[in-house]
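These notes are about the structure you will find just below.
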Amino acid sequence: MERLNIDRIAFLGRTYAEYLKIFGFDENALAKGPVLDCPAGASSFAAEANESGFDVTACDILYDQQVEELVRKGNEDIQHVFDEFDKVSHLYTWNYYRDKVEVIRQRRAALERFAARFAEGREKERYVSGALPHLPFPDRSFSLVLSGHLLFLYGDRLDPEFHRKSLLELARVGDEVRIFPLVGLDSKTYPELHETISFLRSKGIEAEMVDTGFEFQSGATQMLRLKNNASR
Ligand SMILES: C[S@@+](CC[C@H](N)C(=O)[O-])C[C@H]1O[C@@H](n2cnc3c(N)ncnc32)[C@H](O)[C@@H]1O
């Protein structure tokens with residue numbers, strides 16, 4: 001089967017500008033209340049948003065490590081992903097990025113900006129170590145939760161139960177959750193997507209697929225939006 005053939009869950013990250021496009025929101029949504037990015041990886045979203053005065057927390061399974069180790073891993077993972085990329089570049093669409101060189105430049109820029117803020121951010125509990133499906137936050141701590149490039153994307157190695165538990169957990173800590181993409185490393189829709197949506201609805205969570213206007217993996221233009229309607 002044709003897919004981006006990577007041997008690990010990559011410690012990569014996108015920039016603030018990429019997040020706005022990927023998750024289809026603007027700064028008004030950030031101003032509404034605390035935001036969680038999980039898993040945030042080497043994204044510079046939290047660093048850039050916090051520099052602009054917004055209230056963003058980043059959480060990742062690797063945030064118990066030292067910044068030097070995260071930068072080493074981040075650079076190694078960019079290398080690994082983009083070494084493999086050429087074999088499947090036809091699975092991607094060049095609307096948002098001009099070419100592979102630009103994508104790599106953005107990933108490196110995110111890693112650099114993330115690293116510059118990590119030590120200080122961890123002291124201020126802006127960067128929190130945590131592993132799905134159990135997050136270290138009280139119920140409804142965030143008005144918006146963003147979860148990019150883990151669930152569904154790595155559906156070849158994370159099982160359906162992990163997905164169900166993780167989605168319930170993200171919905172537990174936030175009023176609204178946005179998850180992107182809904183495809184795997186083969187750029188095909190996650191096979192259990194509809195069963196997963198039915199499961200969430202059966203738990204009282206509003207779940208719908210929404211167009212984002214962003215496309216990189218060809219055809220991956222939608223996110224999943226969850227709303228936790230339980231009263232506070
Ligand atoms: C590709 S990065 C996504 C980063 C960012 N959200 C983005 O879209 O650019 C995937 C991240 O998931 C993290 N991760 C893997 N398993 C996890 C888990 N069980 N809980 C929290 N983070 C996890 C990895 O450490 C990695 O940083």
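All residue names refer to the structure tokens as shown: chains lettered A, B, ... in order, residues numbered from 1 in each chain, ligands numbered from 1 in order.
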Could you make a table, as a Markdown table, of the residues of chain A that have an atom within 8 Å of an atom of ligand 1, each with its nearest atom pair and distance in Å to one decimal, counting only C-alpha atoms and all ligand atoms, in chain and number order?
```
| residue | atom | partner | partner_atom_place_in_ligand_line | distance |
| --- | --- | --- | --- | --- |
| A:Ile9 | CA | ligand 1 | 24 (C) | 5.8 |
| A:Ala10 | CA | ligand 1 | 1 (C) | 4.9 |
| A:Phe11 | CA | ligand 1 | 27 (O) | 3.9 |
| A:Leu12 | CA | ligand 1 | 2 (S) | 4.7 |
| A:Gly13 | CA | ligand 1 | 9 (O) | 3.3 |
| A:Arg14 | CA | ligand 1 | 9 (O) | 4.0 |
| A:Thr15 | CA | ligand 1 | 9 (O) | 7.4 |
| A:Tyr19 | CA | ligand 1 | 8 (O) | 7.5 |
| A:Asp37 | CA | ligand 1 | 6 (N) | 6.8 |
| A:Cys38 | CA | ligand 1 | 6 (N) | 6.2 |
| A:Pro39 | CA | ligand 1 | 22 (N) | 4.4 |
| A:Ala40 | CA | ligand 1 | 6 (N) | 4.2 |
| A:Gly41 | CA | ligand 1 | 27 (O) | 3.1 |
| A:Ala42 | CA | ligand 1 | 4 (C) | 6.0 |
| A:Ser43 | CA | ligand 1 | 9 (O) | 5.1 |
| A:Cys59 | CA | ligand 1 | 21 (C) | 6.9 |
| A:Asp60 | CA | ligand 1 | 22 (N) | 4.1 |
| A:Ile61 | CA | ligand 1 | 22 (N) | 4.1 |
| A:Leu62 | CA | ligand 1 | 25 (O) | 5.1 |
| A:Gly130 | CA | ligand 1 | 21 (C) | 5.9 |
| A:Ala131 | CA | ligand 1 | 20 (N) | 3.4 |
| A:Leu132 | CA | ligand 1 | 20 (N) | 3.8 |
| A:Pro133 | CA | ligand 1 | 19 (N) | 6.3 |
| A:Leu146 | CA | ligand 1 | 6 (N) | 7.6 |
| A:Ser147 | CA | ligand 1 | 6 (N) | 5.7 |
| A:Gly148 | CA | ligand 1 | 8 (O) | 4.0 |
| A:His149 | CA | ligand 1 | 3 (C) | 4.6 |
| A:Leu150 | CA | ligand 1 | 10 (C) | 5.0 |
| A:Phe180 | CA | ligand 1 | 8 (O) | 7.9 |
```
Shell of 12 Å around segment 75-80 of chain A, only C-alpha atoms, local chain residues under 5 positions omitted, as a ChimeraX atom specification:
/A:4-14,41-42,68-70,85-86,100-101,103-112,115
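Those residues that approach segment 225-231 of chain A to within 8 Å, counting only C-alpha atoms, are A:Ala171, A:Arg172, A:Gly174, A:Asp175, A:Glu176, A:Val177, A:Arg178, A:Ile179, A:Gly204, A:Ile205, A:Glu206, A:Ala207, A:Glu208, A:Met209, A:Val210; same-chain residues fewer than 4 positions away are not listed.
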Within segment 6-119 of chain A, find each residue whose DSSP state, derived from the backbone, is strand (DSSP E), and express the selection as a PyMOL selection string.
chain A and resi 35-37+56-60
Contacts of Tyr127 of chain A at 7 Å (only C-alpha atoms; same-chain gap of 2+ positions) as a list in words:
Thr57, Ala58, Cys59, Tyr63, Phe118, Gly121, Arg122, Glu125 and Ser129 of chain A
Please dump the current selection as a compact mmCIF listing (two decimals), in the first residue's frame; keep N, CA and C atoms.
```txt
# COMPACT_ATOMS: atom_id res chain seq x y z
N THR A 57 -1.87 26.76 25.98
CA THR A 57 -1.06 25.72 26.63
C THR A 57 -0.75 24.65 25.58
N ALA A 58 0.50 24.16 25.60
CA ALA A 58 0.90 23.10 24.68
C ALA A 58 1.20 21.85 25.50
N CYS A 59 0.75 20.69 25.01
CA CYS A 59 0.95 19.44 25.75
C CYS A 59 1.45 18.37 24.78
N TYR A 63 7.31 16.20 26.37
CA TYR A 63 7.71 17.45 27.03
C TYR A 63 8.38 17.27 28.39
N PHE A 118 10.71 27.09 24.89
CA PHE A 118 10.32 25.88 25.63
C PHE A 118 10.68 25.92 27.12
N GLY A 121 8.68 28.46 28.95
CA GLY A 121 7.27 28.06 28.89
C GLY A 121 6.97 26.90 29.82
N ARG A 122 7.95 26.00 29.96
CA ARG A 122 7.70 24.85 30.85
C ARG A 122 7.63 25.32 32.30
N GLU A 125 4.35 26.61 33.04
CA GLU A 125 3.32 25.59 32.77
C GLU A 125 2.52 25.90 31.50
N SER A 129 3.90 18.24 30.09
CA SER A 129 4.07 16.85 29.66
C SER A 129 2.79 16.06 29.94
```
Which of segment 17-226 of chain A counts as helix (DSSP H, G or I) under DSSP, as a PyMOL selection string please?
chain A and resi 17-22+27-31+45-51+67-91+100-123+160-173+193-202
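Between atom CA of Val56 of chain A and atom CA of Val35 of chain A the interatomic distance comes to 4.7 Å.
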Might you pull out every residue within 8 Å of segment 158-170 of chain A, with only C-alpha atoms counted and same-chain residues fewer than 4 positions away left off, and present them as a PyMOL selection string?
chain A and resi 132-135+145+151-152+154+174+177+192+196+199-200
I need the chosen residues saved as a PDB file, in the first residue's frame, with C-alpha atoms.
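As a result, result_19.pdb now contains:
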```pdb
ATOM      1  CA  LEU A 132      -3.204  10.764  25.539  1.00  0.00           C
ATOM      2  CA  PRO A 133      -5.550   9.206  26.425  1.00  0.00           C
ATOM      3  CA  HIS A 134      -5.094  10.687  29.949  1.00  0.00           C
ATOM      4  CA  LEU A 135      -4.427  14.420  30.139  1.00  0.00           C
ATOM      5  CA  VAL A 145      -8.637  22.287  21.949  1.00  0.00           C
ATOM      6  CA  LEU A 151      -5.139  10.892  15.693  1.00  0.00           C
ATOM      7  CA  PHE A 152      -6.320   9.368  12.398  1.00  0.00           C
ATOM      8  CA  TYR A 154      -1.187   7.417  12.571  1.00  0.00           C
ATOM      9  CA  GLY A 174     -12.436  21.459  26.283  1.00  0.00           C
ATOM     10  CA  VAL A 177     -12.195  20.256  19.932  1.00  0.00           C
ATOM     11  CA  GLU A 192     -13.096   3.685  11.265  1.00  0.00           C
ATOM     12  CA  THR A 196     -15.802   6.683  15.722  1.00  0.00           C
ATOM     13  CA  PHE A 199     -19.430   6.325  19.182  1.00  0.00           C
ATOM     14  CA  LEU A 200     -18.811   9.966  20.202  1.00  0.00           C
TER      15      LEU A 200
END
```
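With atom CA of Phe216 of chain A on one side and atom CA of Tyr92 of chain A on the other, the separation reads 5.5 Å.
With atom CA of Arg140 of chain A on one side and atom CA of Leu36 of chain A on the other, the separation reads 10.8 Å.
The shortest atom-to-atom distance to Lys124 of chain A, with only C-alpha atoms taken into account, belongs to A:Asp55 out of A:Gln65, A:Ala17, A:Asp55, A:His90.
Ranking A:Tyr16, A:Ile22, A:Ser89, A:Val173 by their shortest atom-to-atom distance to Met223 of chain A, with only C-alpha atoms included, puts A:Ile22 first.
For the choices A:Arg126, A:Arg3, A:Arg117, A:Val81, the atom-to-atom distance to Asp156 of chain A is smallest for A:Arg3 when using only C-alpha atoms.
Nearest residue to Leu30 of chain A, choosing from A:Ser143, A:Thr221, A:Ser44, A:Thr93 and counting only C-alpha atoms: A:Ser143.
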